[in-house]
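Source file: entry-v5.pdb; contents: PDB, C-alpha atoms, pLDDT in the B column.
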MODEL        1
ATOM      1  CA  MET A  57      18.542   6.592 -11.296  1.00 43.00           C
ATOM      2  CA  ASN A  58      17.931   7.942  -7.801  1.00 46.00           C
ATOM      3  CA  ALA A  59      19.968  10.795  -6.399  1.00 50.00           C
ATOM      4  CA  ALA A  60      19.838  13.065  -3.393  1.00 53.00           C
ATOM      5  CA  HIS A  61      21.146  16.606  -3.334  1.00 51.00           C
ATOM      6  CA  ASN A  62      21.752  18.548  -0.147  1.00 55.00           C
ATOM      7  CA  TRP A  63      21.222  22.286  -0.065  1.00 50.00           C
ATOM      8  CA  THR A  64      21.661  25.171   2.371  1.00 55.00           C
ATOM      9  CA  MET A  65      19.779  28.457   2.092  1.00 50.00           C
ATOM     10  CA  PRO A  66      20.802  31.504   4.161  1.00 56.00           C
ATOM     11  CA  VAL A  67      17.848  33.612   5.360  1.00 49.00           C
ATOM     12  CA  THR A  68      18.644  37.096   6.657  1.00 55.00           C
ATOM     13  CA  GLY A  69      17.917  37.375  10.347  1.00 51.00           C
ATOM     14  CA  LEU A  70      16.969  33.687  10.720  1.00 52.00           C
ATOM     15  CA  GLY A  71      20.183  31.826   9.949  1.00 54.00           C
ATOM     16  CA  THR A  72      20.299  28.986   7.443  1.00 50.00           C
ATOM     17  CA  PHE A  73      17.948  26.217   6.421  1.00 47.00           C
ATOM     18  CA  ASP A  74      19.261  22.858   5.273  1.00 51.00           C
ATOM     19  CA  GLY A  75      17.405  20.347   3.137  1.00 50.00           C
ATOM     20  CA  GLU A  76      17.632  17.473   0.733  1.00 52.00           C
ATOM     21  CA  LEU A  77      16.111  17.016  -2.706  1.00 48.00           C
ATOM     22  CA  SER A  78      15.614  13.524  -4.049  1.00 45.00           C
ATOM     23  CA  THR A  79      15.029  12.308  -7.580  1.00 46.00           C
ATOM     24  CA  SER A  80      13.615   8.945  -6.465  1.00 47.00           C
ATOM     25  CA  ALA A  81      10.241   8.078  -7.932  1.00 47.00           C
ATOM     26  CA  PRO A  82       7.231   8.927  -5.731  1.00 45.00           C
ATOM     27  CA  GLU A  83       5.887   5.380  -6.067  1.00 47.00           C
ATOM     28  CA  ALA A  84       9.180   4.032  -4.706  1.00 47.00           C
ATOM     29  CA  ALA A  85       8.794   6.236  -1.649  1.00 47.00           C
ATOM     30  CA  ALA A  86       5.175   5.101  -1.202  1.00 48.00           C
ATOM     31  CA  LYS A  87       6.245   1.478  -1.578  1.00 49.00           C
ATOM     32  CA  ASN A  88       8.764   1.875   1.242  1.00 51.00           C
ATOM     33  CA  ALA A  89       6.646   4.087   3.531  1.00 56.00           C
ATOM     34  CA  ARG A  90       4.975   1.685   5.954  1.00 55.00           C
ATOM     35  CA  THR A  91       2.369   2.748   8.471  1.00 63.00           C
ATOM     36  CA  ALA A  92       2.103  -0.747   9.964  1.00 65.00           C
ATOM     37  CA  LYS A  93       4.099  -3.980   9.943  1.00 77.00           C
ATOM     38  CA  ARG A  94       3.299  -6.277   7.015  1.00 83.00           C
ATOM     39  CA  VAL A  95       2.443  -9.909   7.667  1.00 87.00           C
ATOM     40  CA  PRO A  96       3.241 -12.391   4.878  1.00 91.00           C
ATOM     41  CA  VAL A  97       0.111 -14.349   3.889  1.00 90.00           C
ATOM     42  CA  GLU A  98      -1.032 -16.640   1.096  1.00 89.00           C
ATOM     43  CA  LEU A  99      -4.666 -15.675   0.739  1.00 91.00           C
ATOM     44  CA  ASP A 100      -7.229 -15.496  -2.046  1.00 92.00           C
ATOM     45  CA  ALA A 101      -9.652 -12.568  -1.961  1.00 94.00           C
ATOM     46  CA  GLY A 102     -11.960 -10.555  -4.185  1.00 94.00           C
ATOM     47  CA  LEU A 103     -10.962  -7.182  -5.633  1.00 95.00           C
ATOM     48  CA  ARG A 104     -13.061  -4.808  -7.674  1.00 94.00           C
ATOM     49  CA  GLN A 105     -12.808  -1.364  -9.172  1.00 92.00           C
ATOM     50  CA  ARG A 106     -15.686   1.117  -9.227  1.00 90.00           C
ATOM     51  CA  GLY A 107     -18.376  -0.079 -11.628  1.00 88.00           C
ATOM     52  CA  ALA A 108     -16.689  -3.420 -12.330  1.00 89.00           C
ATOM     53  CA  ALA A 109     -17.269  -6.994 -11.249  1.00 88.00           C
ATOM     54  CA  ALA A 110     -15.000  -8.473  -8.604  1.00 89.00           C
ATOM     55  CA  ILE A 111     -12.108 -10.675  -9.664  1.00 91.00           C
ATOM     56  CA  SER A 112     -10.120 -13.210  -7.669  1.00 94.00           C
ATOM     57  CA  VAL A 113      -6.708 -11.991  -6.537  1.00 94.00           C
ATOM     58  CA  HIS A 114      -3.875 -13.352  -4.433  1.00 93.00           C
ATOM     59  CA  ILE A 115      -2.887 -11.391  -1.311  1.00 94.00           C
ATOM     60  CA  ARG A 116       0.869 -11.621  -0.673  1.00 93.00           C
ATOM     61  CA  ASP A 117       0.991  -9.620   2.554  1.00 93.00           C
ATOM     62  CA  LEU A 118      -1.395  -7.761   4.783  1.00 94.00           C
ATOM     63  CA  SER A 119      -1.274  -5.172   7.558  1.00 95.00           C
ATOM     64  CA  THR A 120      -3.821  -3.156   9.468  1.00 94.00           C
ATOM     65  CA  HIS A 121      -3.273  -0.304   7.000  1.00 96.00           C
ATOM     66  CA  GLY A 122      -2.894  -2.036   3.639  1.00 96.00           C
ATOM     67  CA  PHE A 123      -1.991  -5.008   1.509  1.00 96.00           C
ATOM     68  CA  ARG A 124       0.116  -6.221  -1.407  1.00 96.00           C
ATOM     69  CA  VAL A 125      -1.847  -8.069  -4.049  1.00 94.00           C
ATOM     70  CA  GLU A 126      -0.937 -10.030  -7.154  1.00 93.00           C
ATOM     71  CA  THR A 127      -3.287  -9.195 -10.028  1.00 90.00           C
ATOM     72  CA  HIS A 128      -3.434  -9.015 -13.814  1.00 88.00           C
ATOM     73  CA  LEU A 129      -5.282  -5.673 -13.630  1.00 87.00           C
ATOM     74  CA  GLY A 130      -3.391  -2.584 -14.734  1.00 86.00           C
ATOM     75  CA  LEU A 131      -4.172  -0.349 -11.753  1.00 91.00           C
ATOM     76  CA  ALA A 132      -2.977   3.251 -11.691  1.00 92.00           C
ATOM     77  CA  ILE A 133      -1.748   4.958  -8.540  1.00 95.00           C
ATOM     78  CA  GLY A 134      -4.694   6.545  -6.750  1.00 96.00           C
ATOM     79  CA  THR A 135      -7.292   4.120  -8.144  1.00 95.00           C
ATOM     80  CA  PRO A 136      -9.976   3.227  -5.582  1.00 97.00           C
ATOM     81  CA  VAL A 137     -10.527  -0.521  -5.139  1.00 97.00           C
ATOM     82  CA  TRP A 138     -12.651  -2.655  -2.838  1.00 97.00           C
ATOM     83  CA  LEU A 139     -11.033  -5.701  -1.244  1.00 96.00           C
ATOM     84  CA  ARG A 140     -13.235  -8.505   0.087  1.00 95.00           C
ATOM     85  CA  LEU A 141     -11.291 -10.646   2.532  1.00 91.00           C
ATOM     86  CA  PRO A 142     -12.816 -14.030   3.450  1.00 87.00           C
ATOM     87  CA  GLY A 143     -15.608 -13.585   5.985  1.00 86.00           C
ATOM     88  CA  LEU A 144     -15.534  -9.759   5.903  1.00 88.00           C
ATOM     89  CA  GLU A 145     -17.357  -6.971   4.117  1.00 91.00           C
ATOM     90  CA  ALA A 146     -15.506  -5.236   1.309  1.00 94.00           C
ATOM     91  CA  SER A 147     -13.015  -2.575   2.430  1.00 95.00           C
ATOM     92  CA  LEU A 148     -12.239   0.529   0.385  1.00 97.00           C
ATOM     93  CA  ALA A 149      -8.547   1.063  -0.411  1.00 97.00           C
ATOM     94  CA  HIS A 150      -6.474   3.116  -2.831  1.00 98.00           C
ATOM     95  CA  VAL A 151      -3.556   1.988  -4.990  1.00 96.00           C
ATOM     96  CA  MET A 152      -0.301   3.430  -3.625  1.00 97.00           C
ATOM     97  CA  TRP A 153       2.159   1.770  -6.005  1.00 95.00           C
ATOM     98  CA  ALA A 154       2.216  -0.738  -8.851  1.00 94.00           C
ATOM     99  CA  ASP A 155       5.101  -2.842 -10.139  1.00 93.00           C
ATOM    100  CA  GLY A 156       4.170  -5.354 -12.830  1.00 90.00           C
ATOM    101  CA  TYR A 157       1.659  -7.817 -11.391  1.00 90.00           C
ATOM    102  CA  LEU A 158       2.171  -6.589  -7.813  1.00 94.00           C
ATOM    103  CA  VAL A 159       0.137  -3.708  -6.423  1.00 95.00           C
ATOM    104  CA  GLY A 160       0.293  -2.084  -2.991  1.00 96.00           C
ATOM    105  CA  CYS A 161      -2.859  -0.539  -1.549  1.00 96.00           C
ATOM    106  CA  ALA A 162      -3.730   1.424   1.584  1.00 97.00           C
ATOM    107  CA  PHE A 163      -7.044   0.913   3.353  1.00 96.00           C
ATOM    108  CA  ASP A 164      -9.158   4.035   3.828  1.00 96.00           C
ATOM    109  CA  ARG A 165     -10.146   2.663   7.250  1.00 95.00           C
ATOM    110  CA  PRO A 166      -7.511   0.429   8.885  1.00 94.00           C
ATOM    111  CA  LEU A 167      -8.358  -3.109   9.951  1.00 92.00           C
ATOM    112  CA  HIS A 168      -8.661  -3.673  13.670  1.00 93.00           C
ATOM    113  CA  PRO A 169      -5.532  -5.548  14.891  1.00 94.00           C
ATOM    114  CA  ALA A 170      -7.712  -8.424  16.188  1.00 92.00           C
ATOM    115  CA  VAL A 171      -9.297  -8.783  12.736  1.00 92.00           C
ATOM    116  CA  LEU A 172      -5.863  -8.881  11.106  1.00 92.00           C
ATOM    117  CA  GLU A 173      -4.724 -11.513  13.593  1.00 91.00           C
ATOM    118  CA  LEU A 174      -7.811 -13.646  12.872  1.00 90.00           C
ATOM    119  CA  ILE A 175      -7.320 -13.425   9.094  1.00 89.00           C
ATOM    120  CA  VAL A 176      -3.634 -14.326   9.382  1.00 88.00           C
ATOM    121  CA  ARG A 177      -4.399 -17.259  11.673  1.00 87.00           C
ATOM    122  CA  ARG A 178      -7.126 -18.558   9.316  1.00 83.00           C
ATOM    123  CA  SER A 179      -4.847 -18.240   6.296  1.00 79.00           C
ATOM    124  CA  GLY A 180      -2.006 -20.128   7.954  1.00 74.00           C
ATOM    125  CA  GLY A 181       0.129 -16.966   7.652  1.00 55.00           C
ATOM    126  CA  ARG A 182       3.551 -16.768   9.204  1.00 50.00           C
TER
ENDMDL
END
Written as structure tokens, that's how I'd like the structure from this file.
Amino acid sequence: MNAAHNWTMPVTGLGTFDGELSTSAPEAAAKNARTAKRVPVELDAGLRQRGAAAISVHIRDLSTHGFRVETHLGLAIGTPVWLRLPGLEASLAHVMWADGYLVGCAFDRPLHPAVLELIVRRSGGR
């Protein structure tokens, strides 16, 4: 259950400070915090963890700053992964949230917008 609680704290000589505390899960906040607009895609790619072989995964959406992938791997928040998109070198990313078979990751170095556009066009993305 998510809840928000407002508070006010008087500070002598400075007035009052207002704030809000939330009990929502941190991964829910990360899942909803977008740095860039997502583009829906249907794209197969390679994903690997440190020291492991790459596996095939299905990319559900992509942005310059991250992606949502469908995978059977149980990836913990903060796990570094390397994503190999078709025709590109592998890009380092970190898991930001996980919900069943869906995982959201943020690239350490964002994709150039022209590269994103090319990938989306090649994949037949919307």
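The spacing separating atom CA of Leu129 of chain A from atom CA of Lys93 of chain A amounts to 25.4 Å.
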>> Please expand the PyMOL selection byres ((chain A and resi 101) around 7) into the concrete residues it hits in this file, giving the result as a ChimeraX atom specification.
In response: /A:99-100,102-103,112-115,140-142
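With only C-alpha atoms as the atoms that count, the residue of A:Leu158, A:Ile133, A:Val151, A:Val97 with the shortest distance to Leu118 of chain A is A:Val97.
Closest approach to Pro96 of chain A from the set A:Thr127, A:Ser147, A:Thr135, A:Ser119 is made by A:Ser119, with distances taken over only C-alpha atoms.
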> Care to translate the PyMOL selection byres ((chain A and resi 157) around 10) into actual residues of this file, as number ranges by chain?
Replying inline: A: 125-131, 154-156, 158-159
Would you write out, as a PDB file with C-alpha atoms, keeping the file's coordinate frame, every residue that the PyMOL selection byres ((chain A and resi 137) around 7) captures in this file?
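File produced: result_33.pdb:
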ATOM      1  CA  LEU A 103     -10.962  -7.182  -5.633  1.00 95.00           C
ATOM      2  CA  ARG A 104     -13.061  -4.808  -7.674  1.00 94.00           C
ATOM      3  CA  GLN A 105     -12.808  -1.364  -9.172  1.00 92.00           C
ATOM      4  CA  ARG A 106     -15.686   1.117  -9.227  1.00 90.00           C
ATOM      5  CA  THR A 135      -7.292   4.120  -8.144  1.00 95.00           C
ATOM      6  CA  PRO A 136      -9.976   3.227  -5.582  1.00 97.00           C
ATOM      7  CA  TRP A 138     -12.651  -2.655  -2.838  1.00 97.00           C
ATOM      8  CA  LEU A 139     -11.033  -5.701  -1.244  1.00 96.00           C
ATOM      9  CA  LEU A 148     -12.239   0.529   0.385  1.00 97.00           C
ATOM     10  CA  ALA A 149      -8.547   1.063  -0.411  1.00 97.00           C
ATOM     11  CA  HIS A 150      -6.474   3.116  -2.831  1.00 98.00           C
TER      12      HIS A 150
END
>> Restricting the calculation to all atoms listed in the file: of A:Gly143, A:Ser179, A:Thr120, A:Ala108, which residue gets closest to Asp164 of chain A?
In response: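 Using all atoms listed in the file, Asp164 of chain A sits closest to A:Thr120.
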Build an axis-aligned box that encloses every atom of segment 160-172 of chain A listed in the file, pad it by 8 Å on each side, and report its centre and edge lengths in Å to one decimal, as JSON.
{"center_x": -4.9, "center_y": -2.4, "center_z": 6.6, "size_x": 26.4, "size_y": 28.9, "size_z": 35.2}
